[in-house]
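data-v4.pdb (PDB, C-alpha atoms)
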ATOM      1  CA  MET Q 270     135.124 105.948  46.308  1.00  0.00           C
ATOM      2  CA  THR Q 271     138.434 104.098  46.418  1.00  0.00           C
ATOM      3  CA  THR Q 272     138.800 100.730  44.769  1.00  0.00           C
ATOM      4  CA  ALA Q 273     142.526 100.083  44.309  1.00  0.00           C
ATOM      5  CA  ALA Q 274     144.453  98.448  47.138  1.00  0.00           C
ATOM      6  CA  VAL Q 275     146.456 100.851  49.273  1.00  0.00           C
ATOM      7  CA  SER Q 276     149.635 100.255  51.243  1.00  0.00           C
ATOM      8  CA  HIS Q 277     149.427  99.411  54.916  1.00  0.00           C
ATOM      9  CA  GLU Q 278     151.039 102.729  55.838  1.00  0.00           C
ATOM     10  CA  ARG Q 279     148.557 104.743  53.791  1.00  0.00           C
ATOM     11  CA  LEU Q 280     145.644 102.766  55.217  1.00  0.00           C
ATOM     12  CA  VAL Q 281     146.804 103.404  58.793  1.00  0.00           C
ATOM     13  CA  PHE Q 282     147.156 107.118  58.079  1.00  0.00           C
ATOM     14  CA  ALA Q 283     143.733 107.302  56.416  1.00  0.00           C
ATOM     15  CA  LEU Q 284     141.988 105.461  59.251  1.00  0.00           C
ATOM     16  CA  GLN Q 285     143.726 107.515  61.922  1.00  0.00           C
ATOM     17  CA  ARG Q 286     142.550 110.701  60.213  1.00  0.00           C
ATOM     18  CA  ALA Q 287     139.022 109.350  59.728  1.00  0.00           C
ATOM     19  CA  MET Q 288     138.711 108.247  63.356  1.00  0.00           C
ATOM     20  CA  ASN Q 289     140.054 111.518  64.702  1.00  0.00           C
ATOM     21  CA  GLY Q 290     137.504 113.327  62.563  1.00  0.00           C
ATOM     22  CA  THR Q 291     134.473 111.248  63.558  1.00  0.00           C
ATOM     23  CA  VAL Q 292     134.856 109.691  67.027  1.00  0.00           C
ATOM     24  CA  GLY Q 293     132.896 111.795  69.491  1.00  0.00           C
ATOM     25  CA  LYS Q 294     132.204 114.456  66.842  1.00  0.00           C
ATOM     26  CA  ARG Q 295     128.647 115.657  66.252  1.00  0.00           C
ATOM     27  CA  ASN Q 296     128.931 117.280  62.842  1.00  0.00           C
ATOM     28  CA  PRO Q 297     132.085 116.420  60.916  1.00  0.00           C
ATOM     29  CA  PRO Q 298     132.373 118.185  57.542  1.00  0.00           C
ATOM     30  CA  PRO Q 299     131.501 116.298  54.339  1.00  0.00           C
ATOM     31  CA  PHE Q 300     135.124 115.666  53.377  1.00  0.00           C
ATOM     32  CA  VAL Q 301     135.690 113.891  56.721  1.00  0.00           C
ATOM     33  CA  LEU Q 302     132.711 111.638  56.032  1.00  0.00           C
ATOM     34  CA  ASP Q 303     134.129 110.951  52.562  1.00  0.00           C
ATOM     35  CA  ASP Q 304     137.456 110.003  54.138  1.00  0.00           C
ATOM     36  CA  ALA Q 305     135.726 107.747  56.667  1.00  0.00           C
ATOM     37  CA  ARG Q 306     133.687 105.964  54.001  1.00  0.00           C
ATOM     38  CA  ASN Q 307     136.703 105.481  51.740  1.00  0.00           C
ATOM     39  CA  GLY Q 308     138.887 104.338  54.638  1.00  0.00           C
ATOM     40  CA  ALA Q 309     136.272 101.775  55.652  1.00  0.00           C
ATOM     41  CA  HIS Q 310     136.110 100.358  52.138  1.00  0.00           C
ATOM     42  CA  ASP Q 311     139.907 100.162  51.960  1.00  0.00           C
ATOM     43  CA  ALA Q 312     139.980  98.458  55.369  1.00  0.00           C
ATOM     44  CA  VAL Q 313     137.510  95.801  54.234  1.00  0.00           C
ATOM     45  CA  ALA Q 314     139.608  95.133  51.133  1.00  0.00           C
ATOM     46  CA  ALA Q 315     142.752  94.776  53.260  1.00  0.00           C
ATOM     47  CA  LEU Q 316     141.182  92.566  55.920  1.00  0.00           C
ATOM     48  CA  VAL Q 317     139.528  89.827  53.839  1.00  0.00           C
ATOM     49  CA  ASP Q 318     141.186  86.768  52.398  1.00  0.00           C
ATOM     50  CA  GLY Q 319     140.376  85.084  49.100  1.00  0.00           C
ATOM     51  CA  SER Q 320     137.246  83.502  50.548  1.00  0.00           C
ATOM     52  CA  GLY Q 321     136.013  86.799  52.014  1.00  0.00           C
ATOM     53  CA  LYS Q 322     136.839  85.894  55.627  1.00  0.00           C
ATOM     54  CA  LEU Q 323     138.494  88.167  58.161  1.00  0.00           C
ATOM     55  CA  VAL Q 324     142.276  87.770  58.404  1.00  0.00           C
ATOM     56  CA  GLU Q 325     142.729  87.982  62.176  1.00  0.00           C
ATOM     57  CA  LYS Q 326     146.482  88.605  62.106  1.00  0.00           C
ATOM     58  CA  THR Q 327     146.122  91.511  59.684  1.00  0.00           C
ATOM     59  CA  TYR Q 328     143.254  92.936  61.706  1.00  0.00           C
ATOM     60  CA  ASP Q 329     145.188  92.782  64.984  1.00  0.00           C
ATOM     61  CA  HIS Q 330     148.216  94.461  63.418  1.00  0.00           C
ATOM     62  CA  LEU Q 331     146.112  97.254  61.920  1.00  0.00           C
ATOM     63  CA  ASN Q 332     143.954  97.746  65.009  1.00  0.00           C
ATOM     64  CA  GLY Q 333     147.012  98.126  67.210  1.00  0.00           C
ATOM     65  CA  GLN Q 334     148.039 101.243  65.292  1.00  0.00           C
ATOM     66  CA  LEU Q 335     144.737 103.097  65.542  1.00  0.00           C
ATOM     67  CA  PRO Q 336     143.343 105.560  68.127  1.00  0.00           C
ATOM     68  CA  ALA Q 337     140.012 103.731  68.519  1.00  0.00           C
ATOM     69  CA  ASP Q 338     138.818 100.155  68.220  1.00  0.00           C
ATOM     70  CA  LEU Q 339     138.523  99.371  64.507  1.00  0.00           C
ATOM     71  CA  ARG Q 340     135.721  96.828  64.854  1.00  0.00           C
ATOM     72  CA  ALA Q 341     133.504  99.158  66.875  1.00  0.00           C
ATOM     73  CA  TRP Q 342     134.217 102.061  64.547  1.00  0.00           C
ATOM     74  CA  LEU Q 343     133.451 100.073  61.409  1.00  0.00           C
ATOM     75  CA  LEU Q 344     130.234  98.639  62.824  1.00  0.00           C
ATOM     76  CA  GLU Q 345     128.867 102.044  63.819  1.00  0.00           C
ATOM     77  CA  LEU Q 346     129.999 103.934  60.721  1.00  0.00           C
ATOM     78  CA  PRO Q 347     127.014 102.873  58.510  1.00  0.00           C
ATOM     79  CA  SER Q 348     124.464 104.341  60.928  1.00  0.00           C
ATOM     80  CA  PHE Q 349     126.624 107.424  61.486  1.00  0.00           C
ATOM     81  CA  LEU Q 350     126.674 108.036  57.732  1.00  0.00           C
ATOM     82  CA  ALA Q 351     122.899 107.565  57.608  1.00  0.00           C
ATOM     83  CA  LYS Q 352     122.459 110.081  60.409  1.00  0.00           C
ATOM     84  CA  LYS Q 353     124.339 112.593  58.290  1.00  0.00           C
ATOM     85  CA  GLY Q 354     122.089 112.097  55.259  1.00  0.00           C
ATOM     86  CA  ARG Q 355     124.082 109.308  53.624  1.00  0.00           C
ATOM     87  CA  ARG Q 356     121.763 106.356  54.038  1.00  0.00           C
ATOM     88  CA  ALA Q 357     122.678 104.727  50.714  1.00  0.00           C
ATOM     89  CA  GLU Q 358     126.356 104.788  51.639  1.00  0.00           C
ATOM     90  CA  GLY Q 359     125.552 103.304  55.036  1.00  0.00           C
ATOM     91  CA  GLU Q 360     123.516 100.502  53.502  1.00  0.00           C
ATOM     92  CA  GLU Q 361     126.258  99.712  50.998  1.00  0.00           C
ATOM     93  CA  LEU Q 362     128.837  99.579  53.765  1.00  0.00           C
ATOM     94  CA  CYS Q 363     126.624  97.179  55.736  1.00  0.00           C
ATOM     95  CA  GLY Q 364     126.793  94.779  52.814  1.00  0.00           C
ATOM     96  CA  ARG Q 365     130.574  94.922  52.733  1.00  0.00           C
ATOM     97  CA  LEU Q 366     130.979  94.574  56.479  1.00  0.00           C
ATOM     98  CA  GLU Q 367     128.699  91.530  56.667  1.00  0.00           C
ATOM     99  CA  THR Q 368     131.486  89.547  55.004  1.00  0.00           C
ATOM    100  CA  LEU Q 369     133.807  90.441  57.873  1.00  0.00           C
ATOM    101  CA  PHE Q 370     131.568  90.331  60.903  1.00  0.00           C
ATOM    102  CA  GLY Q 371     128.515  88.216  60.024  1.00  0.00           C
ATOM    103  CA  LYS Q 372     124.750  88.659  59.774  1.00  0.00           C
ATOM    104  CA  PRO Q 373     123.828  89.157  63.470  1.00  0.00           C
ATOM    105  CA  TYR Q 374     125.852  92.369  63.567  1.00  0.00           C
ATOM    106  CA  LEU Q 375     124.862  93.789  60.218  1.00  0.00           C
ATOM    107  CA  ASP Q 376     121.203  92.768  60.365  1.00  0.00           C
ATOM    108  CA  ALA Q 377     121.023  94.920  63.491  1.00  0.00           C
ATOM    109  CA  GLU Q 378     123.061  97.750  61.968  1.00  0.00           C
ATOM    110  CA  ARG Q 379     120.729  97.931  58.966  1.00  0.00           C
ATOM    111  CA  GLY Q 380     117.929  98.692  61.401  1.00  0.00           C
ATOM    112  CA  VAL Q 381     119.925 101.490  63.009  1.00  0.00           C
ATOM    113  CA  VAL Q 382     120.815 102.843  59.546  1.00  0.00           C
ATOM    114  CA  ALA Q 383     117.128 103.148  58.666  1.00  0.00           C
ATOM    115  CA  TRP Q 384     116.265 104.630  62.058  1.00  0.00           C
ATOM    116  CA  GLU Q 385     119.058 107.206  61.959  1.00  0.00           C
ATOM    117  CA  ALA Q 386     117.997 108.170  58.429  1.00  0.00           C
ATOM    118  CA  GLY Q 387     114.561 109.087  59.799  1.00  0.00           C
ATOM    119  CA  ASP Q 388     112.728 105.931  58.699  1.00  0.00           C
ATOM    120  CA  LYS Q 389     111.830 105.052  62.284  1.00  0.00           C
ATOM    121  CA  GLU Q 390     109.181 102.431  61.560  1.00  0.00           C
ATOM    122  CA  ALA Q 391     111.342 100.522  59.097  1.00  0.00           C
ATOM    123  CA  GLY Q 392     114.303 100.713  61.450  1.00  0.00           C
ATOM    124  CA  THR Q 393     112.326  99.348  64.376  1.00  0.00           C
ATOM    125  CA  LYS Q 394     110.939  96.498  62.246  1.00  0.00           C
ATOM    126  CA  GLN Q 395     114.427  95.604  61.055  1.00  0.00           C
ATOM    127  CA  LEU Q 396     115.748  95.536  64.620  1.00  0.00           C
ATOM    128  CA  ASP Q 397     112.826  93.366  65.716  1.00  0.00           C
ATOM    129  CA  ALA Q 398     113.577  91.036  62.807  1.00  0.00           C
ATOM    130  CA  ALA Q 399     117.242  90.879  63.837  1.00  0.00           C
ATOM    131  CA  LEU Q 400     116.232  90.006  67.394  1.00  0.00           C
ATOM    132  CA  ALA Q 401     113.997  87.203  66.102  1.00  0.00           C
ATOM    133  CA  ALA Q 402     116.585  85.893  63.627  1.00  0.00           C
ATOM    134  CA  HIS Q 403     119.456  85.912  66.118  1.00  0.00           C
ATOM    135  CA  PRO Q 404     117.848  85.291  69.539  1.00  0.00           C
ATOM    136  CA  ASP Q 405     121.106  84.231  71.208  1.00  0.00           C
ATOM    137  CA  HIS Q 406     123.280  87.059  69.937  1.00  0.00           C
ATOM    138  CA  CYS Q 407     124.047  90.200  71.923  1.00  0.00           C
ATOM    139  CA  TRP Q 408     124.340  92.691  69.083  1.00  0.00           C
ATOM    140  CA  PRO Q 409     120.648  93.035  68.128  1.00  0.00           C
ATOM    141  CA  GLU Q 410     119.919  93.579  71.842  1.00  0.00           C
ATOM    142  CA  LEU Q 411     122.675  96.169  72.164  1.00  0.00           C
ATOM    143  CA  ARG Q 412     121.600  98.166  69.132  1.00  0.00           C
ATOM    144  CA  SER Q 413     117.926  97.906  70.078  1.00  0.00           C
ATOM    145  CA  GLY Q 414     118.882  99.398  73.433  1.00  0.00           C
ATOM    146  CA  TYR Q 415     120.606 102.258  71.643  1.00  0.00           C
ATOM    147  CA  VAL Q 416     117.513 103.061  69.591  1.00  0.00           C
ATOM    148  CA  ARG Q 417     115.010 102.647  72.445  1.00  0.00           C
ATOM    149  CA  GLU Q 418     117.078 104.896  74.670  1.00  0.00           C
ATOM    150  CA  ARG Q 419     117.023 107.639  72.068  1.00  0.00           C
ATOM    151  CA  GLU Q 420     113.285 107.214  71.695  1.00  0.00           C
ATOM    152  CA  GLY Q 421     112.932 107.850  75.425  1.00  0.00           C
ATOM    153  CA  LEU Q 422     111.709 104.304  76.094  1.00  0.00           C
ATOM    154  CA  LEU Q 423     114.116 103.856  78.964  1.00  0.00           C
ATOM    155  CA  ASP Q 424     112.582 100.784  80.589  1.00  0.00           C
ATOM    156  CA  ARG Q 425     112.738  98.907  77.293  1.00  0.00           C
ATOM    157  CA  ALA Q 426     116.240 100.200  76.595  1.00  0.00           C
ATOM    158  CA  GLN Q 427     117.448  98.960  79.982  1.00  0.00           C
ATOM    159  CA  LYS Q 428     116.072  95.483  79.319  1.00  0.00           C
ATOM    160  CA  HIS Q 429     117.830  95.348  75.953  1.00  0.00           C
ATOM    161  CA  TYR Q 430     121.155  96.459  77.424  1.00  0.00           C
ATOM    162  CA  GLU Q 431     120.899  93.940  80.256  1.00  0.00           C
ATOM    163  CA  ALA Q 432     119.977  91.189  77.791  1.00  0.00           C
ATOM    164  CA  ALA Q 433     122.982  92.121  75.667  1.00  0.00           C
ATOM    165  CA  VAL Q 434     125.316  91.571  78.617  1.00  0.00           C
ATOM    166  CA  GLU Q 435     123.714  88.222  79.441  1.00  0.00           C
ATOM    167  CA  LYS Q 436     123.937  86.982  75.854  1.00  0.00           C
ATOM    168  CA  ALA Q 437     127.494  88.261  75.429  1.00  0.00           C
ATOM    169  CA  ARG Q 438     128.534  86.243  78.494  1.00  0.00           C
ATOM    170  CA  LYS Q 439     127.456  83.094  76.662  1.00  0.00           C
ATOM    171  CA  GLY Q 440     129.062  84.104  73.372  1.00  0.00           C
ATOM    172  CA  ASP Q 441     132.546  83.346  72.129  1.00  0.00           C
ATOM    173  CA  THR Q 442     133.606  86.869  71.145  1.00  0.00           C
ATOM    174  CA  LYS Q 443     135.383  88.546  74.018  1.00  0.00           C
ATOM    175  CA  LYS Q 444     134.895  92.114  72.847  1.00  0.00           C
ATOM    176  CA  ASP Q 445     131.136  91.669  72.577  1.00  0.00           C
ATOM    177  CA  LEU Q 446     130.994  91.429  76.363  1.00  0.00           C
ATOM    178  CA  ARG Q 447     133.067  94.576  76.660  1.00  0.00           C
ATOM    179  CA  PHE Q 448     130.848  96.506  74.232  1.00  0.00           C
ATOM    180  CA  SER Q 449     127.669  95.233  75.894  1.00  0.00           C
ATOM    181  CA  TRP Q 450     128.912  96.330  79.302  1.00  0.00           C
ATOM    182  CA  ASP Q 451     129.875  99.694  77.818  1.00  0.00           C
ATOM    183  CA  GLY Q 452     126.324 100.152  76.570  1.00  0.00           C
ATOM    184  CA  LEU Q 453     124.780  99.322  79.948  1.00  0.00           C
ATOM    185  CA  VAL Q 454     127.185 101.532  81.914  1.00  0.00           C
ATOM    186  CA  GLN Q 455     126.683 104.449  79.525  1.00  0.00           C
ATOM    187  CA  PHE Q 456     122.904 104.018  79.776  1.00  0.00           C
ATOM    188  CA  TRP Q 457     122.974 104.575  83.545  1.00  0.00           C
ATOM    189  CA  HIS Q 458     125.429 107.438  83.145  1.00  0.00           C
ATOM    190  CA  ASN Q 459     123.062 109.085  80.663  1.00  0.00           C
ATOM    191  CA  LYS Q 460     120.195 108.632  83.134  1.00  0.00           C
ATOM    192  CA  GLY Q 461     122.219 110.574  85.673  1.00  0.00           C
ATOM    193  CA  ASP Q 462     122.600 107.675  88.109  1.00  0.00           C
ATOM    194  CA  ARG Q 463     126.330 108.021  88.699  1.00  0.00           C
ATOM    195  CA  ALA Q 464     126.389 105.554  91.591  1.00  0.00           C
ATOM    196  CA  LYS Q 465     124.772 102.828  89.487  1.00  0.00           C
ATOM    197  CA  ALA Q 466     127.135 103.522  86.592  1.00  0.00           C
ATOM    198  CA  ILE Q 467     130.149 103.245  88.902  1.00  0.00           C
ATOM    199  CA  ASP Q 468     128.864 100.010  90.465  1.00  0.00           C
ATOM    200  CA  LEU Q 469     128.341  98.473  87.028  1.00  0.00           C
ATOM    201  CA  SER Q 470     131.771  99.685  85.933  1.00  0.00           C
ATOM    202  CA  ARG Q 471     133.270  97.719  88.817  1.00  0.00           C
ATOM    203  CA  GLN Q 472     131.348  94.619  87.747  1.00  0.00           C
ATOM    204  CA  MET Q 473     132.563  95.154  84.183  1.00  0.00           C
ATOM    205  CA  LEU Q 474     136.188  95.253  85.326  1.00  0.00           C
ATOM    206  CA  LYS Q 475     135.720  91.961  87.188  1.00  0.00           C
ATOM    207  CA  GLU Q 476     134.386  90.259  84.078  1.00  0.00           C
ATOM    208  CA  CYS Q 477     136.809  91.974  81.720  1.00  0.00           C
ATOM    209  CA  PRO Q 478     140.059  92.058  83.766  1.00  0.00           C
ATOM    210  CA  ASP Q 479     142.178  93.178  80.821  1.00  0.00           C
ATOM    211  CA  LEU Q 480     139.943  96.169  80.238  1.00  0.00           C
ATOM    212  CA  GLU Q 481     142.310  98.691  81.765  1.00  0.00           C
ATOM    213  CA  GLU Q 482     144.874  97.833  79.094  1.00  0.00           C
ATOM    214  CA  GLU Q 483     142.522  98.721  76.253  1.00  0.00           C
ATOM    215  CA  LEU Q 484     140.689 101.818  77.446  1.00  0.00           C
ATOM    216  CA  ARG Q 485     141.253 103.482  74.079  1.00  0.00           C
ATOM    217  CA  VAL Q 486     138.003 101.974  72.770  1.00  0.00           C
ATOM    218  CA  GLU Q 487     135.560 104.681  71.734  1.00  0.00           C
ATOM    219  CA  THR Q 488     132.525 104.788  69.481  1.00  0.00           C
ATOM    220  CA  ILE Q 489     131.361 107.266  66.903  1.00  0.00           C
ATOM    221  CA  HIS Q 490     128.079 107.802  68.730  1.00  0.00           C
ATOM    222  CA  ALA Q 491     129.817 108.700  71.987  1.00  0.00           C
ATOM    223  CA  ALA Q 492     127.793 110.958  74.232  1.00  0.00           C
ATOM    224  CA  PRO Q 493     128.905 114.594  73.887  1.00  0.00           C
ATOM    225  CA  LYS Q 494     131.003 115.965  76.713  1.00  0.00           C
ATOM    226  CA  VAL Q 495     129.104 118.106  79.201  1.00  0.00           C
ATOM    227  CA  GLY Q 496     130.547 121.575  79.822  1.00  0.00           C
ATOM    228  CA  ARG Q 497     130.802 122.942  83.341  1.00  0.00           C
ATOM    229  CA  ASN Q 498     128.167 125.592  82.603  1.00  0.00           C
ATOM    230  CA  ASP Q 499     125.835 123.226  80.736  1.00  0.00           C
ATOM    231  CA  ALA Q 500     122.711 121.781  82.323  1.00  0.00           C
ATOM    232  CA  CYS Q 501     123.577 118.663  84.293  1.00  0.00           C
ATOM    233  CA  PRO Q 502     122.535 115.486  82.404  1.00  0.00           C
ATOM    234  CA  CYS Q 503     121.034 114.052  85.607  1.00  0.00           C
ATOM    235  CA  GLY Q 504     118.021 116.334  85.142  1.00  0.00           C
ATOM    236  CA  SER Q 505     118.398 118.319  88.359  1.00  0.00           C
ATOM    237  CA  GLY Q 506     118.111 121.630  86.536  1.00  0.00           C
ATOM    238  CA  LYS Q 507     121.412 122.818  87.999  1.00  0.00           C
ATOM    239  CA  LYS Q 508     124.572 123.610  86.101  1.00  0.00           C
ATOM    240  CA  HIS Q 509     126.874 120.628  85.755  1.00  0.00           C
ATOM    241  CA  LYS Q 510     129.625 122.304  87.818  1.00  0.00           C
ATOM    242  CA  LYS Q 511     127.215 122.739  90.758  1.00  0.00           C
ATOM    243  CA  CYS Q 512     125.797 119.209  90.541  1.00  0.00           C
ATOM    244  CA  CYS Q 513     127.377 115.949  89.351  1.00  0.00           C
ATOM    245  CA  GLY Q 514     130.414 117.826  88.035  1.00  0.00           C
ATOM    246  CA  ALA Q 515     131.218 118.927  91.554  1.00  0.00           C
ATOM    247  CA  LYS Q 516     131.250 115.313  92.747  1.00  0.00           C
ATOM    248  CA  GLY Q 517     133.792 114.055  90.246  1.00  0.00           C
TER     249      GLY Q 517
END
I need this file expressed as C-alpha cells, please.
Amino acid sequence: MTTAAVSHERLVFALQRAMNGTVGKRNPPPFVLDDARNGAHDAVAALVDGSGKLVEKTYDHLNGQLPADLRAWLLELPSFLAKKGRRAEGEELCGRLETLFGKPYLDAERGVVAWEAGDKEAGTKQLDAALAAHPDHCWPELRSGYVREREGLLDRAQKHYEAAVEKARKGDTKKDLRFSWDGLVQFWHNKGDRAKAIDLSRQMLKECPDLEEELRVETIHAAPKVGRNDACPCGSGKKHKKCCGAKG
C-alpha cells in the first residue's frame, strides 16, 4: 500500500488506469484492485488539508482530468473491494473516506461493504442504523435501495430510491440529487420498464439542467451491458435484439 505523497501527474495517471480497470467491469484482476486501492489512498492524501477536510479546489482540478466522477468512484470502491473478497481493505478505506465525505455516506457504505462480503445480516443492520442515524440524508436511502434491489425486494427498493431523491432535493450537495436520480432511473431500467425510465430521465434533466455537460459520471457497480443475443432484462423471455433492443 502506498504511503508517500505522489505528484499530481502520477496520481492522475494512476486514477485513470484504476477507473478504466474497474468501472463497469465485473471481474478485474487482482493487480487492478491493488491499483484501485492504492490510488484511492493516494487521492485521500492529496485531497485533505491539515485539518483533514476536503480541499475543494484540488478536488475539482483532479476530478476534471478523470474518466469518471471521482466522488462516486471513491464512495463505491470499498464495497466493490469487499465484493471481490477484500472486506478488510474496504473497511479501512471507509475510515479514510469518512474524513473527506462525512459519516452519512460512510456509515451507509460500511453496510454495503458487509453485505457485499456475504455478511448479509450485519450489512442490513448497519444500513438500518445509518437510516436511523441520518434520517434526513439521501445516501443511506440510496444505498439501501441498492441492497434491497439485489435482494429482490423491489417494492422496498423503489421506496428507498424515491426517498433518496426527495431527501437529496432538500440537501445542499448538488451531486447527491444527480446520483439519487441515477439510482431511481436505473432501478426502472433494470425492471424492464423502459417508458418509466425515460419519463424519469426527463424529470431528472429538468431538475439537473447541467446534467448533459457531465454525462461522464459512471459507477463501479454499473449494470453489465446486455448483448443482442442475451435474454432481454425486461423478463419477456425473448432475445434482447427481438425485444427492447429492437425499440432503441
* Of the residues Q:Ile467, Q:Leu339, Q:Ala312, Q:Val382, which is the one nearest to Arg279 (chain Q), using only C-alpha atoms? ->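 Checking each candidate against Arg279 (chain Q), we get Q:Ala312 as the closest.
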* List the residues sitting within 10 Å of (129.1, 101.7, 51.5) in the file's frame, using all atoms listed in the file, as a ChimeraX atom specification. => /Q:270,306-307,309-310,346-347,350,355-366
Using all atoms listed in the file, tabulate the residues of region 335-384 of chain Q lying at most 8 Å from any atom of region 288-292 of chain Q, each with its closest atom pair and that distance in Å to one decimal, by chain and increasing residue number, as a Markdown table.
| residue | atom | partner | partner_atom | distance |
| --- | --- | --- | --- | --- |
| Q:Pro336 | CA | Q:Met288 | CA | 7.2 |
| Q:Ala337 | CA | Q:Met288 | CA | 7.0 |
| Q:Trp342 | CA | Q:Met288 | CA | 7.7 |
* **Residues in the PyMOL selection byres ((chain Q and resi 322) around 12), expressed as number ranges by chain** => Q: 313-321, 323-328, 365-371
* By how many Å are CA of Ala466 (chain Q) and CA of Lys428 (chain Q) apart? ->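 Going from CA of Ala466 (chain Q) over to CA of Lys428 (chain Q) covers 15.5 Å.
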List as CSV every residue of region 270-385 of chain Q that is in contact with region 444-450 of chain Q, defined as an atom at most 12 Å from one of its atoms (using all atoms listed in the file), together with the nearest atom pair and the distance in Å rounded to one decimal, sorted by chain and then rising number.
residue,atom,partner,partner_atom,distance
Q:Asp338,CA,Q:Lys444,CA,10.1
Q:Leu339,CA,Q:Lys444,CA,11.6
Q:Arg340,CA,Q:Lys444,CA,9.3
Q:Ala341,CA,Q:Phe448,CA,8.3
Q:Trp342,CA,Q:Phe448,CA,11.7
Q:Leu344,CA,Q:Phe448,CA,11.6
Q:Glu345,CA,Q:Phe448,CA,12.0
Q:Phe370,CA,Q:Asp445,CA,11.8
Q:Pro373,CA,Q:Asp445,CA,11.9
Q:Tyr374,CA,Q:Asp445,CA,10.5
* Distance CA of Lys436 (chain Q)-CA of Leu411 (chain Q), one decimal place? ->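 Separation between CA of Lys436 (chain Q) and CA of Leu411 (chain Q): 10.0 Å.
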* **Atomic separation - CA of Val416 (chain Q) relative to CA of Ala437 (chain Q), Å** =>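 Taking CA of Ala437 (chain Q) as the start and CA of Val416 (chain Q) as the end point, the length is 18.8 Å.
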Can region 432-446 of chain Q be brought up to N, CA, C and O atoms and written out as a compact mmCIF listing (two decimals), in the frame of the given file?
# COMPACT_ATOMS: atom_id res chain seq x y z
N ALA Q 432 120.00 92.42 78.57
CA ALA Q 432 119.98 91.19 77.79
C ALA Q 432 121.24 91.05 76.95
O ALA Q 432 121.75 89.93 76.76
N ALA Q 433 121.75 92.16 76.46
CA ALA Q 433 122.98 92.12 75.67
C ALA Q 433 124.14 91.59 76.50
O ALA Q 433 124.93 90.75 76.03
N VAL Q 434 124.25 92.04 77.74
CA VAL Q 434 125.32 91.57 78.62
C VAL Q 434 125.17 90.07 78.87
O VAL Q 434 126.14 89.31 78.80
N GLU Q 435 123.94 89.63 79.16
CA GLU Q 435 123.71 88.22 79.44
C GLU Q 435 124.07 87.35 78.24
O GLU Q 435 124.70 86.29 78.38
N LYS Q 436 123.66 87.78 77.05
CA LYS Q 436 123.94 86.98 75.85
C LYS Q 436 125.42 87.02 75.49
O LYS Q 436 125.97 86.03 75.00
N ALA Q 437 126.06 88.16 75.73
CA ALA Q 437 127.49 88.26 75.43
C ALA Q 437 128.30 87.34 76.34
O ALA Q 437 129.34 86.81 75.93
N ARG Q 438 127.85 87.16 77.56
CA ARG Q 438 128.53 86.24 78.49
C ARG Q 438 128.58 84.82 77.93
O ARG Q 438 129.52 84.07 78.17
N LYS Q 439 127.55 84.45 77.20
CA LYS Q 439 127.46 83.09 76.66
C LYS Q 439 128.09 82.98 75.28
O LYS Q 439 128.20 81.88 74.75
N GLY Q 440 128.48 84.11 74.70
CA GLY Q 440 129.06 84.10 73.37
C GLY Q 440 130.55 83.79 73.40
O GLY Q 440 131.16 83.61 74.46
N ASP Q 441 131.13 83.71 72.22
CA ASP Q 441 132.55 83.35 72.13
C ASP Q 441 133.42 84.50 71.63
O ASP Q 441 134.58 84.30 71.29
N THR Q 442 132.84 85.71 71.57
CA THR Q 442 133.61 86.87 71.14
C THR Q 442 133.83 87.78 72.34
O THR Q 442 132.89 88.40 72.85
N LYS Q 443 135.05 87.85 72.78
CA LYS Q 443 135.38 88.55 74.02
C LYS Q 443 134.96 90.01 74.01
O LYS Q 443 134.43 90.54 74.99
N LYS Q 444 135.18 90.68 72.89
CA LYS Q 444 134.90 92.11 72.85
C LYS Q 444 133.40 92.40 72.87
O LYS Q 444 132.99 93.51 73.21
N ASP Q 445 132.57 91.45 72.49
CA ASP Q 445 131.14 91.67 72.58
C ASP Q 445 130.71 91.93 74.01
O ASP Q 445 129.83 92.75 74.27
N LEU Q 446 131.32 91.21 74.96
CA LEU Q 446 130.99 91.43 76.36
C LEU Q 446 131.42 92.82 76.78
O LEU Q 446 130.69 93.52 77.50
